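Structure below is target-v2.cif: mmCIF, C-alpha atoms.
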data_coords
loop_
_atom_site.label_atom_id
_atom_site.label_comp_id
_atom_site.auth_asym_id
_atom_site.auth_seq_id
_atom_site.Cartn_x
_atom_site.Cartn_y
_atom_site.Cartn_z
CA MET U 205 -23.54 -16.94 29.75
CA LYS U 206 -23.55 -20.13 27.64
CA LYS U 207 -25.16 -18.27 24.73
CA THR U 208 -22.69 -15.39 25.04
CA MET U 209 -19.70 -17.76 24.86
CA THR U 210 -21.21 -19.53 21.86
CA LEU U 211 -21.67 -16.23 20.02
CA LEU U 212 -18.10 -15.17 20.84
CA LEU U 213 -16.62 -18.42 19.50
CA ALA U 214 -18.74 -18.14 16.38
CA LEU U 215 -17.50 -14.57 15.80
CA VAL U 216 -13.84 -15.63 16.19
CA LEU U 217 -14.36 -18.46 13.70
CA ALA U 218 -16.02 -16.12 11.21
CA LEU U 219 -13.19 -13.57 11.43
CA SER U 220 -10.60 -16.35 10.99
CA LEU U 221 -12.26 -17.57 7.80
CA THR U 222 -12.63 -14.02 6.49
CA ALA U 223 -8.88 -13.45 6.96
CA CYS U 224 -8.26 -16.32 4.57
CA GLY U 225 -10.30 -14.60 1.88
CA ASN U 226 -13.29 -16.93 2.25
CA ASP U 227 -16.92 -16.01 2.85
CA PRO U 228 -17.97 -17.57 6.17
CA ALA U 229 -21.65 -17.25 5.28
CA SER U 230 -21.78 -20.85 4.10
CA ASP U 231 -20.72 -22.04 7.56
CA ILE U 232 -22.37 -19.48 9.86
CA LEU U 233 -25.65 -17.67 9.18
CA TRP U 234 -25.88 -14.22 10.74
CA ALA U 235 -28.97 -12.06 11.42
CA ALA U 236 -29.40 -8.67 13.12
CA ASP U 237 -31.44 -8.67 16.29
CA ASP U 238 -33.81 -5.92 17.41
CA ASN U 239 -31.07 -4.21 19.39
CA GLY U 240 -28.65 -3.90 16.46
CA GLY U 241 -26.48 -6.79 17.63
CA THR U 242 -25.86 -10.10 15.90
CA GLU U 243 -26.94 -13.61 16.68
CA THR U 244 -26.66 -16.96 14.94
CA GLU U 245 -29.70 -18.49 13.30
CA THR U 246 -28.38 -21.92 14.21
CA GLU U 247 -26.34 -22.59 17.32
CA ILE U 248 -22.85 -23.94 16.70
CA ASP U 249 -21.77 -27.02 18.58
CA THR U 250 -18.35 -25.84 19.72
CA ALA U 251 -17.32 -29.31 20.79
CA GLU U 252 -17.48 -30.49 17.18
CA ASN U 253 -15.28 -27.62 15.95
CA THR U 254 -12.30 -27.97 18.28
CA ASP U 255 -10.61 -30.86 16.47
CA THR U 256 -7.27 -29.44 15.32
CA GLU U 257 -7.23 -31.71 12.26
CA ASP U 258 -10.23 -29.80 10.91
CA ILE U 259 -8.65 -26.36 11.28
CA SER U 260 -7.83 -24.83 7.90
CA ALA U 261 -4.90 -22.56 7.09
CA CYS U 262 -3.88 -19.94 4.56
CA LEU U 263 -0.38 -20.72 3.33
CA LEU U 264 0.38 -17.23 1.99
CA ASP U 265 -0.57 -15.23 5.08
CA GLU U 266 3.13 -14.64 5.80
CA ALA U 267 3.94 -13.28 2.32
CA ASP U 268 5.48 -9.80 2.39
CA THR U 269 4.67 -8.15 -0.94
CA ALA U 270 6.10 -4.80 0.12
CA SER U 271 9.67 -6.07 0.24
CA SER U 272 9.68 -9.09 -2.07
CA ALA U 273 8.91 -10.00 -5.66
CA LEU U 274 6.44 -12.75 -6.51
CA ILE U 275 7.49 -15.49 -8.94
CA LEU U 276 5.10 -18.00 -10.48
CA TYR U 277 6.39 -21.21 -12.10
CA TYR U 278 4.88 -23.52 -14.70
CA TYR U 279 6.26 -27.00 -15.36
CA ASP U 280 4.98 -28.97 -18.36
CA GLY U 281 7.11 -32.07 -17.80
CA GLU U 282 10.04 -30.85 -19.88
CA THR U 283 10.64 -27.16 -19.20
CA VAL U 284 10.14 -24.94 -16.18
CA THR U 285 9.07 -21.38 -17.02
CA SER U 286 8.90 -18.51 -14.54
CA ARG U 287 7.12 -15.15 -14.58
CA THR U 288 8.13 -12.51 -12.06
CA CYS U 289 6.02 -9.68 -10.67
CA TYR U 290 7.66 -6.70 -8.92
CA THR U 291 4.59 -4.46 -8.51
CA THR U 292 3.17 -4.63 -5.00
CA ALA U 293 -0.39 -3.85 -6.08
CA THR U 294 -0.38 -6.68 -8.64
CA GLU U 295 1.23 -9.05 -6.15
CA ASP U 296 -1.54 -8.29 -3.67
CA GLU U 297 -4.17 -8.99 -6.32
CA LEU U 298 -2.59 -12.33 -7.15
CA LEU U 299 -2.28 -13.32 -3.51
CA GLU U 300 -5.93 -12.46 -2.96
CA VAL U 301 -6.76 -15.11 -5.55
CA LEU U 302 -4.19 -17.69 -4.43
CA ASN U 303 -4.34 -17.36 -0.66
CA VAL U 304 -7.23 -19.77 -0.26
CA SER U 305 -8.16 -21.73 2.81
CA VAL U 306 -6.57 -25.19 2.76
CA ALA U 307 -6.82 -28.31 4.90
CA PRO U 308 -3.98 -30.72 5.77
CA VAL U 309 -3.69 -33.97 3.83
CA GLU U 310 -2.28 -36.91 5.74
CA ASN U 311 -0.06 -39.55 4.07
CA ALA U 312 -0.15 -37.90 0.64
CA ASP U 313 1.49 -39.90 -2.15
CA LEU U 314 3.84 -37.51 -3.96
CA SER U 315 4.61 -40.17 -6.57
CA GLU U 316 1.15 -39.42 -8.03
CA TRP U 317 1.93 -35.72 -8.53
CA GLU U 318 1.44 -34.98 -12.23
CA VAL U 319 2.20 -32.25 -14.76
CA PRO U 320 1.46 -29.62 -15.78
CA CYS U 321 1.77 -28.05 -12.36
CA TYR U 322 2.51 -24.66 -10.85
CA GLY U 323 4.84 -23.21 -8.26
CA LEU U 324 5.24 -20.00 -6.32
CA TRP U 325 8.12 -18.17 -4.65
CA THR U 326 8.15 -15.06 -2.50
CA CYS U 327 9.49 -14.06 0.93
CA ASP U 328 7.86 -13.83 4.32
CA GLY U 329 8.11 -10.86 6.66
CA GLU U 330 11.45 -12.07 8.04
CA GLY U 331 13.02 -12.44 4.59
CA TYR U 332 12.88 -16.24 4.42
CA ASP U 333 11.86 -18.06 1.24
CA LEU U 334 8.17 -18.91 1.01
CA THR U 335 7.82 -21.62 -1.63
CA LEU U 336 4.80 -23.64 -2.71
CA ALA U 337 4.04 -26.19 -5.42
CA TYR U 338 0.49 -26.75 -6.69
CA TYR U 339 -1.22 -29.50 -8.67
CA ASP U 340 -4.94 -30.20 -9.06
CA GLY U 341 -6.06 -28.81 -5.71
CA LEU U 342 -3.02 -30.04 -3.78
CA TRP U 343 -0.34 -27.80 -2.24
CA LEU U 344 3.18 -28.83 -1.22
CA ASP U 345 4.82 -26.39 1.20
CA ARG U 346 8.49 -25.71 1.98
CA ASP U 347 8.42 -28.19 4.89
CA GLY U 348 7.07 -31.06 2.79
CA ASN U 349 3.52 -30.84 4.10
CA VAL U 350 0.61 -31.41 1.69
CA TRP U 351 -2.61 -29.40 1.82
CA ALA U 352 -5.88 -29.49 -0.12
CA GLY U 353 -7.61 -26.39 -1.53
CA GLU U 354 -8.57 -25.25 -5.02
CA ALA U 355 -6.85 -22.12 -6.40
CA ASP U 356 -6.98 -20.48 -9.81
CA PHE U 357 -3.31 -20.64 -10.78
CA VAL U 358 -4.25 -20.60 -14.47
CA ALA U 359 -5.76 -17.11 -14.22
CA CYS U 360 -2.82 -15.80 -12.19
CA TRP U 361 -0.33 -17.30 -14.62
CA ASP U 362 -2.12 -15.67 -17.56
CA GLU U 363 -2.18 -12.36 -15.66
CA LEU U 364 1.63 -12.33 -15.63
CA GLU U 365 2.07 -13.19 -19.32
CA GLY U 366 5.20 -11.47 -20.60
CA GLU U 367 6.26 -10.31 -17.12
CA ASP U 368 10.00 -10.96 -16.87
CA GLU U 369 9.55 -14.45 -18.33
CA ASP U 370 12.32 -17.04 -18.22
CA GLY U 371 11.82 -20.27 -20.18
CA THR U 372 15.34 -21.66 -19.75
CA LEU U 373 14.91 -23.18 -16.29
CA SER U 374 15.12 -26.86 -15.39
CA VAL U 375 13.13 -28.94 -12.93
CA LEU U 376 15.86 -28.18 -10.37
CA ASN U 377 14.43 -24.65 -10.23
CA PHE U 378 10.88 -25.77 -9.50
CA PRO U 379 9.72 -24.92 -5.96
CA ASN U 380 10.00 -27.78 -3.45
CA ALA U 381 11.17 -30.23 -6.12
CA GLY U 382 13.43 -31.74 -3.46
CA TYR U 383 10.42 -33.45 -1.89
CA LEU U 384 9.09 -34.70 -5.24
CA ALA U 385 12.27 -35.90 -6.97
CA PRO U 386 13.13 -38.86 -4.70
CA VAL U 387 9.74 -40.50 -5.35
CA ASN U 388 8.69 -39.07 -8.72
CA SER U 389 10.84 -39.36 -11.85
CA LEU U 390 9.11 -36.32 -13.40
CA PHE U 391 11.15 -34.15 -11.06
CA LEU U 392 14.55 -35.70 -11.67
CA ALA U 393 17.03 -33.79 -13.84
CA ALA U 394 19.48 -35.70 -16.03
CA SER U 395 23.12 -35.45 -15.00
CA THR U 396 25.28 -33.01 -16.94
CA VAL U 397 28.53 -34.80 -16.09
CA ALA U 398 30.35 -35.98 -19.22
CA ASP U 399 30.20 -39.73 -19.77
CA GLU U 400 33.17 -41.88 -20.77
CA SER U 401 32.81 -40.81 -24.40
CA GLY U 402 32.73 -37.12 -23.48
CA ILE U 403 35.55 -34.71 -22.75
CA SER U 404 36.29 -33.96 -19.11
CA THR U 405 37.90 -30.69 -18.05
CA MET U 406 39.60 -32.40 -15.12
CA PRO U 407 42.70 -34.60 -15.64
CA LEU U 408 42.13 -38.29 -14.97
CA GLU U 409 44.74 -38.14 -12.21
CA MET U 410 42.62 -35.68 -10.23
CA THR U 411 40.27 -37.93 -8.27
CA MET U 412 37.71 -37.66 -5.46
CA THR U 413 36.65 -40.43 -3.07
CA VAL U 414 34.06 -40.58 -0.28
CA VAL U 415 35.79 -41.55 2.95
CA ASP U 416 33.15 -40.83 5.61
CA LEU U 417 29.47 -40.00 6.21
CA THR U 418 28.50 -38.74 9.66
CA ASP U 419 25.27 -36.93 10.61
CA GLY U 420 24.49 -36.21 6.98
CA VAL U 421 27.91 -34.72 6.20
CA VAL U 422 30.05 -36.49 3.59
CA THR U 423 33.83 -36.21 3.73
CA VAL U 424 35.65 -36.59 0.41
CA LEU U 425 39.34 -37.04 -0.28
CA ILE U 426 40.65 -35.12 -3.30
CA ASP U 427 43.91 -36.49 -4.69
CA ASN U 428 45.97 -34.52 -7.21
CA GLN U 429 48.30 -36.74 -9.23
CA SER U 430 47.95 -34.71 -12.43
CA GLY U 431 51.42 -33.23 -12.62
CA TYR U 432 49.94 -29.73 -12.26
CA GLU U 433 48.70 -27.40 -9.55
CA MET U 434 44.91 -27.66 -9.62
CA GLU U 435 41.95 -25.65 -8.34
CA TYR U 436 38.51 -26.65 -7.04
CA GLY U 437 35.66 -24.84 -5.31
CA GLU U 438 33.05 -25.44 -2.59
CA HIS U 439 30.10 -26.03 -4.90
CA PHE U 440 28.84 -29.59 -5.21
CA ALA U 441 25.77 -31.44 -6.43
CA LEU U 442 24.23 -34.72 -5.32
CA GLU U 443 23.14 -37.26 -7.89
CA MET U 444 21.39 -40.61 -7.63
CA GLU U 445 21.46 -43.59 -9.97
CA ARG U 446 18.17 -45.00 -11.19
CA ASP U 447 17.81 -47.73 -13.82
CA GLY U 448 21.39 -47.24 -14.95
CA GLU U 449 21.09 -43.46 -15.44
CA TRP U 450 22.34 -40.64 -13.21
CA TYR U 451 20.01 -37.84 -12.12
CA VAL U 452 20.60 -34.62 -10.20
CA LEU U 453 18.69 -34.40 -6.94
CA PRO U 454 17.27 -30.98 -6.04
CA PRO U 455 17.76 -30.11 -2.35
CA LYS U 456 14.78 -29.64 -0.07
CA ASP U 457 16.38 -26.55 1.46
CA ALA U 458 18.36 -23.93 -0.47
CA LEU U 459 22.11 -24.49 -0.68
CA ALA U 460 24.61 -21.62 -0.55
CA PHE U 461 28.31 -21.77 -1.37
CA ILE U 462 31.20 -19.38 -0.89
CA ASP U 463 32.68 -18.43 -4.25
CA ILE U 464 36.27 -19.37 -3.52
CA ALA U 465 39.00 -21.36 -5.25
CA TYR U 466 41.16 -23.82 -3.31
CA ILE U 467 44.65 -24.58 -4.62
CA LEU U 468 45.87 -28.17 -4.48
CA PRO U 469 49.53 -28.67 -5.48
CA ASP U 470 50.60 -31.66 -7.50
CA MET U 471 51.14 -34.90 -5.55
CA GLU U 472 49.04 -33.66 -2.60
CA GLN U 473 45.68 -34.54 -1.09
CA ALA U 474 42.95 -32.58 0.66
CA GLU U 475 39.79 -33.48 2.57
CA GLU U 476 36.59 -31.49 2.06
CA THR U 477 33.09 -31.85 3.50
CA CYS U 478 29.75 -31.77 1.69
CA ASP U 479 26.74 -31.17 3.94
CA LEU U 480 23.85 -33.27 2.62
CA THR U 481 21.33 -32.35 5.34
CA ALA U 482 19.62 -29.96 2.92
CA TYR U 483 18.50 -33.07 0.97
CA GLY U 484 16.65 -34.50 3.94
CA GLU U 485 16.61 -38.21 4.73
CA LEU U 486 18.03 -40.16 1.79
CA GLU U 487 16.65 -43.57 0.87
CA ALA U 488 18.89 -46.58 0.36
CA GLY U 489 20.60 -46.48 -3.02
CA HIS U 490 23.52 -45.48 -5.20
CA TYR U 491 24.66 -41.84 -5.07
CA ARG U 492 27.55 -39.67 -6.09
CA ILE U 493 28.98 -36.27 -5.18
CA VAL U 494 29.82 -34.08 -8.20
CA LYS U 495 32.36 -31.31 -7.74
CA ASP U 496 34.21 -29.50 -10.53
CA ASP U 497 33.74 -32.39 -12.95
CA MET U 498 35.00 -34.89 -10.37
CA THR U 499 32.64 -37.58 -9.07
CA ALA U 500 32.74 -39.71 -5.92
CA GLU U 501 30.27 -42.58 -5.74
CA PHE U 502 28.84 -44.13 -2.57
CA TRP U 503 26.03 -46.45 -1.49
CA LEU U 504 23.58 -46.04 1.38
CA ASP U 505 21.91 -48.91 3.21
CA GLU U 506 18.44 -49.00 4.78
CA ASN U 507 19.75 -47.11 7.82
CA GLY U 508 21.23 -44.28 5.76
CA THR U 509 24.83 -45.30 6.44
CA LEU U 510 27.62 -46.04 3.99
CA ALA U 511 27.37 -49.51 2.47
CA ASP U 512 29.46 -51.67 0.15
CA ALA U 513 29.03 -51.29 -3.61
CA GLY U 514 25.97 -52.97 -5.07
#
As structure tokens, how would this structure be written, given the file I've shared?
Amino acid sequence: MKKTMTLLLALVLALSLTACGNDPASDILWAADDNGGTETETEIDTAENTDTEDISACLLDEADTASSALILYYYDGETVTSRTCYTTATEDELLEVLNVSVAPVENADLSEWEVPCYGLWTCDGEGYDLTLAYYDGLWLDRDGNVWAGEADFVACWDELEGEDEDGTLSVLNFPNAGYLAPVNSLFLAASTVADESGISTMPLEMTMTVVDLTDGVVTVLIDNQSGYEMEYGEHFALEMERDGEWYVLPPKDALAFIDIAYILPDMEQAEETCDLTAYGELEAGHYRIVKDDMTAEFWLDENGTLADAG
């Protein structure tokens, strides 16, 4: 009975590794017996293979190529370029190369992530985004987890040369940049808000001020003293100040906004909320909300609550 259980566990392990596209022969040696069955040449010590930290995973097992495109990204430190594949057969071929077995990496330092690096976007079977970033054998998934496993992104990128290529993207479009930007300046995008010498499309008398921050939701007060009826929308961006310069922070989770215009008559005020939970836990520092060319600055302390300036 002990030998039968050992063989069964070995077979399950072999099938699991095969599903990830790896050859289990390097881990388990199989030989046919005289009765046409299979047995291991060396007995596996099951007690040494039950540690969950040693269990590998395949990050693209949930990809649904039948109903989703596959987009690869390349970031050289200045420009993000994407190539999109819509052909299921080609997507399957690429995933066969990229869906390697990976192992979790504890306490990874994302500040050491370098360029050039690659990214991937597709959807899982339930229609949710499946995003991954890759650099030198390290993977960063959509939940901020880091995994180790070598994959040939170079070959897959070359395979899609000329396929619906877009070279106008910024680092804000790079998969999972929201986890990299707070700790790695390579993934910060410069603010597009006009400085004092620029021309603003919003009258100076149209102002926005942060009045509250509760459970990751910022409340801003918009005050129209322009002499005109003004409009603003729901869209906003979050920026952080670093070394005297403002940078746009990419969210960790996708943001969606209703395309609607709110009317604010002259001499009136309105409160609006900006949900920052998509950015995850923010470190202490100087931030601002940007909405329709208006900005509202605020400071966070070590506990993530509103603090006094400076």
Kindly indicate which residue among U:Leu263, U:Ala381, U:Ala458, U:Val494 lies nearest to Leu442 in chain U, using all atoms listed in the file for the distances.
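Result for the nearest residue to Leu442 in chain U: U:Val494.
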Report, in Å with one decimal, the straight-line distance from CA of Leu364 in chain U to CA of Glu300 in chain U.
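Between these atoms lies a distance of 14.8 Å.
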Would you write out, as an mmCIF file with C-alpha atoms, keeping the file's coordinate frame, every residue that the PyMOL selection byres ((chain U and resi 501-510) around 10) captures in this file?
data_model
loop_
_atom_site.group_PDB
_atom_site.id
_atom_site.type_symbol
_atom_site.label_atom_id
_atom_site.label_comp_id
_atom_site.auth_asym_id
_atom_site.auth_seq_id
_atom_site.Cartn_x
_atom_site.Cartn_y
_atom_site.Cartn_z
ATOM 1 C CA MET U 412 37.710 -37.660 -5.460
ATOM 2 C CA THR U 413 36.650 -40.430 -3.070
ATOM 3 C CA VAL U 414 34.060 -40.580 -0.280
ATOM 4 C CA VAL U 415 35.790 -41.550 2.950
ATOM 5 C CA ASP U 416 33.150 -40.830 5.610
ATOM 6 C CA LEU U 417 29.470 -40.000 6.210
ATOM 7 C CA THR U 418 28.500 -38.740 9.660
ATOM 8 C CA ASP U 419 25.270 -36.930 10.610
ATOM 9 C CA GLY U 420 24.490 -36.210 6.980
ATOM 10 C CA VAL U 422 30.050 -36.490 3.590
ATOM 11 C CA LEU U 442 24.230 -34.720 -5.320
ATOM 12 C CA GLU U 443 23.140 -37.260 -7.890
ATOM 13 C CA MET U 444 21.390 -40.610 -7.630
ATOM 14 C CA GLU U 445 21.460 -43.590 -9.970
ATOM 15 C CA GLU U 485 16.610 -38.210 4.730
ATOM 16 C CA LEU U 486 18.030 -40.160 1.790
ATOM 17 C CA GLU U 487 16.650 -43.570 0.870
ATOM 18 C CA ALA U 488 18.890 -46.580 0.360
ATOM 19 C CA GLY U 489 20.600 -46.480 -3.020
ATOM 20 C CA HIS U 490 23.520 -45.480 -5.200
ATOM 21 C CA TYR U 491 24.660 -41.840 -5.070
ATOM 22 C CA ARG U 492 27.550 -39.670 -6.090
ATOM 23 C CA ILE U 493 28.980 -36.270 -5.180
ATOM 24 C CA VAL U 494 29.820 -34.080 -8.200
ATOM 25 C CA THR U 499 32.640 -37.580 -9.070
ATOM 26 C CA ALA U 500 32.740 -39.710 -5.920
ATOM 27 C CA ALA U 511 27.370 -49.510 2.470
ATOM 28 C CA ASP U 512 29.460 -51.670 0.150
ATOM 29 C CA ALA U 513 29.030 -51.290 -3.610
ATOM 30 C CA GLY U 514 25.970 -52.970 -5.070
#
Enumerate, as a PyMOL selection string, the protein, DNA and RNA residues whose atoms approach (8.6, -24.1, -9.8) to within 10 Å, taking into account only C-alpha atoms and the coordinate frame of the file.
chain U and resi 275-279+284-286+321-325+335-338+373-381
How would the residues just picked look written out with C-alpha atoms as a PDB file, in the coordinates of the input?
ATOM      1  CA  ILE U 275       7.490 -15.490  -8.940  1.00  0.00           C
ATOM      2  CA  LEU U 276       5.100 -18.000 -10.480  1.00  0.00           C
ATOM      3  CA  TYR U 277       6.390 -21.210 -12.100  1.00  0.00           C
ATOM      4  CA  TYR U 278       4.880 -23.520 -14.700  1.00  0.00           C
ATOM      5  CA  TYR U 279       6.260 -27.000 -15.360  1.00  0.00           C
ATOM      6  CA  VAL U 284      10.140 -24.940 -16.180  1.00  0.00           C
ATOM      7  CA  THR U 285       9.070 -21.380 -17.020  1.00  0.00           C
ATOM      8  CA  SER U 286       8.900 -18.510 -14.540  1.00  0.00           C
ATOM      9  CA  CYS U 321       1.770 -28.050 -12.360  1.00  0.00           C
ATOM     10  CA  TYR U 322       2.510 -24.660 -10.850  1.00  0.00           C
ATOM     11  CA  GLY U 323       4.840 -23.210  -8.260  1.00  0.00           C
ATOM     12  CA  LEU U 324       5.240 -20.000  -6.320  1.00  0.00           C
ATOM     13  CA  TRP U 325       8.120 -18.170  -4.650  1.00  0.00           C
ATOM     14  CA  THR U 335       7.820 -21.620  -1.630  1.00  0.00           C
ATOM     15  CA  LEU U 336       4.800 -23.640  -2.710  1.00  0.00           C
ATOM     16  CA  ALA U 337       4.040 -26.190  -5.420  1.00  0.00           C
ATOM     17  CA  TYR U 338       0.490 -26.750  -6.690  1.00  0.00           C
ATOM     18  CA  LEU U 373      14.910 -23.180 -16.290  1.00  0.00           C
ATOM     19  CA  SER U 374      15.120 -26.860 -15.390  1.00  0.00           C
ATOM     20  CA  VAL U 375      13.130 -28.940 -12.930  1.00  0.00           C
ATOM     21  CA  LEU U 376      15.860 -28.180 -10.370  1.00  0.00           C
ATOM     22  CA  ASN U 377      14.430 -24.650 -10.230  1.00  0.00           C
ATOM     23  CA  PHE U 378      10.880 -25.770  -9.500  1.00  0.00           C
ATOM     24  CA  PRO U 379       9.720 -24.920  -5.960  1.00  0.00           C
ATOM     25  CA  ASN U 380      10.000 -27.780  -3.450  1.00  0.00           C
ATOM     26  CA  ALA U 381      11.170 -30.230  -6.120  1.00  0.00           C
TER      27      ALA U 381
END
Please expand the PyMOL selection byres ((chain U and resi 483) around 7) into the concrete residues it hits in this file, giving the result as a list in words.
Gly382, Pro455, Lys456, Asp457, Leu480, Thr481, Ala482, Gly484 and Glu485 of chain U
Under the PyMOL selection byres ((chain U and resi 389) around 12), which residues of this model are included? Write them out as a PyMOL selection string.
chain U and resi 281-282+314-319+375+381-388+390-394+444-447+449-453
Keeping C-alpha atoms for every residue in the selection just given, could you write it to a file as a PDB file, keeping the file's coordinate frame?
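Output below, filename part19.pdb:
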ATOM      1  CA  GLY U 281       7.110 -32.070 -17.800  1.00  0.00           C
ATOM      2  CA  GLU U 282      10.040 -30.850 -19.880  1.00  0.00           C
ATOM      3  CA  LEU U 314       3.840 -37.510  -3.960  1.00  0.00           C
ATOM      4  CA  SER U 315       4.610 -40.170  -6.570  1.00  0.00           C
ATOM      5  CA  GLU U 316       1.150 -39.420  -8.030  1.00  0.00           C
ATOM      6  CA  TRP U 317       1.930 -35.720  -8.530  1.00  0.00           C
ATOM      7  CA  GLU U 318       1.440 -34.980 -12.230  1.00  0.00           C
ATOM      8  CA  VAL U 319       2.200 -32.250 -14.760  1.00  0.00           C
ATOM      9  CA  VAL U 375      13.130 -28.940 -12.930  1.00  0.00           C
ATOM     10  CA  ALA U 381      11.170 -30.230  -6.120  1.00  0.00           C
ATOM     11  CA  GLY U 382      13.430 -31.740  -3.460  1.00  0.00           C
ATOM     12  CA  TYR U 383      10.420 -33.450  -1.890  1.00  0.00           C
ATOM     13  CA  LEU U 384       9.090 -34.700  -5.240  1.00  0.00           C
ATOM     14  CA  ALA U 385      12.270 -35.900  -6.970  1.00  0.00           C
ATOM     15  CA  PRO U 386      13.130 -38.860  -4.700  1.00  0.00           C
ATOM     16  CA  VAL U 387       9.740 -40.500  -5.350  1.00  0.00           C
ATOM     17  CA  ASN U 388       8.690 -39.070  -8.720  1.00  0.00           C
ATOM     18  CA  LEU U 390       9.110 -36.320 -13.400  1.00  0.00           C
ATOM     19  CA  PHE U 391      11.150 -34.150 -11.060  1.00  0.00           C
ATOM     20  CA  LEU U 392      14.550 -35.700 -11.670  1.00  0.00           C
ATOM     21  CA  ALA U 393      17.030 -33.790 -13.840  1.00  0.00           C
ATOM     22  CA  ALA U 394      19.480 -35.700 -16.030  1.00  0.00           C
ATOM     23  CA  MET U 444      21.390 -40.610  -7.630  1.00  0.00           C
ATOM     24  CA  GLU U 445      21.460 -43.590  -9.970  1.00  0.00           C
ATOM     25  CA  ARG U 446      18.170 -45.000 -11.190  1.00  0.00           C
ATOM     26  CA  ASP U 447      17.810 -47.730 -13.820  1.00  0.00           C
ATOM     27  CA  GLU U 449      21.090 -43.460 -15.440  1.00  0.00           C
ATOM     28  CA  TRP U 450      22.340 -40.640 -13.210  1.00  0.00           C
ATOM     29  CA  TYR U 451      20.010 -37.840 -12.120  1.00  0.00           C
ATOM     30  CA  VAL U 452      20.600 -34.620 -10.200  1.00  0.00           C
ATOM     31  CA  LEU U 453      18.690 -34.400  -6.940  1.00  0.00           C
TER      32      LEU U 453
END
Which residues come within 10 Å of Leu298 in chain U, counting all atoms listed in the file, excluding same-chain residues fewer than 2 positions away, as a ChimeraX atom specification?
/U:274,289,292-296,300-303,356-357,359-361,363-364
For each of U:Pro454, U:Pro308, U:Gly448, U:Gly437, take the minimum atom-to-atom distance to Thr477 in chain U, counting all atoms listed in the file, then give the residue where this is smallest.
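For Thr477 in chain U, the nearest of the given residues is U:Gly437.
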Box for range 355-360 of chain U - axis-aligned, 3 Å on each of the six sides, all listed atoms - centre and size in Å to one decimal, as lines of an AutoDock Vina configuration file.
center_x = -4.9
center_y = -19.0
center_z = -10.4
size_x = 10.2
size_y = 12.3
size_z = 14.1
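For Glu433 in chain U, the residues within 7 Å (counting all atoms listed in the file, excluding itself and residues fewer than 4 positions away along the chain) are U:Ile467, U:Leu468, U:Pro469, U:Asp470.
You will find CA of Ser271 in chain U at 14.5 Å from CA of Leu299 in chain U.
Rounded to one decimal, CA of Tyr436 in chain U and CA of Thr411 in chain U lie 11.5 Å from each other.
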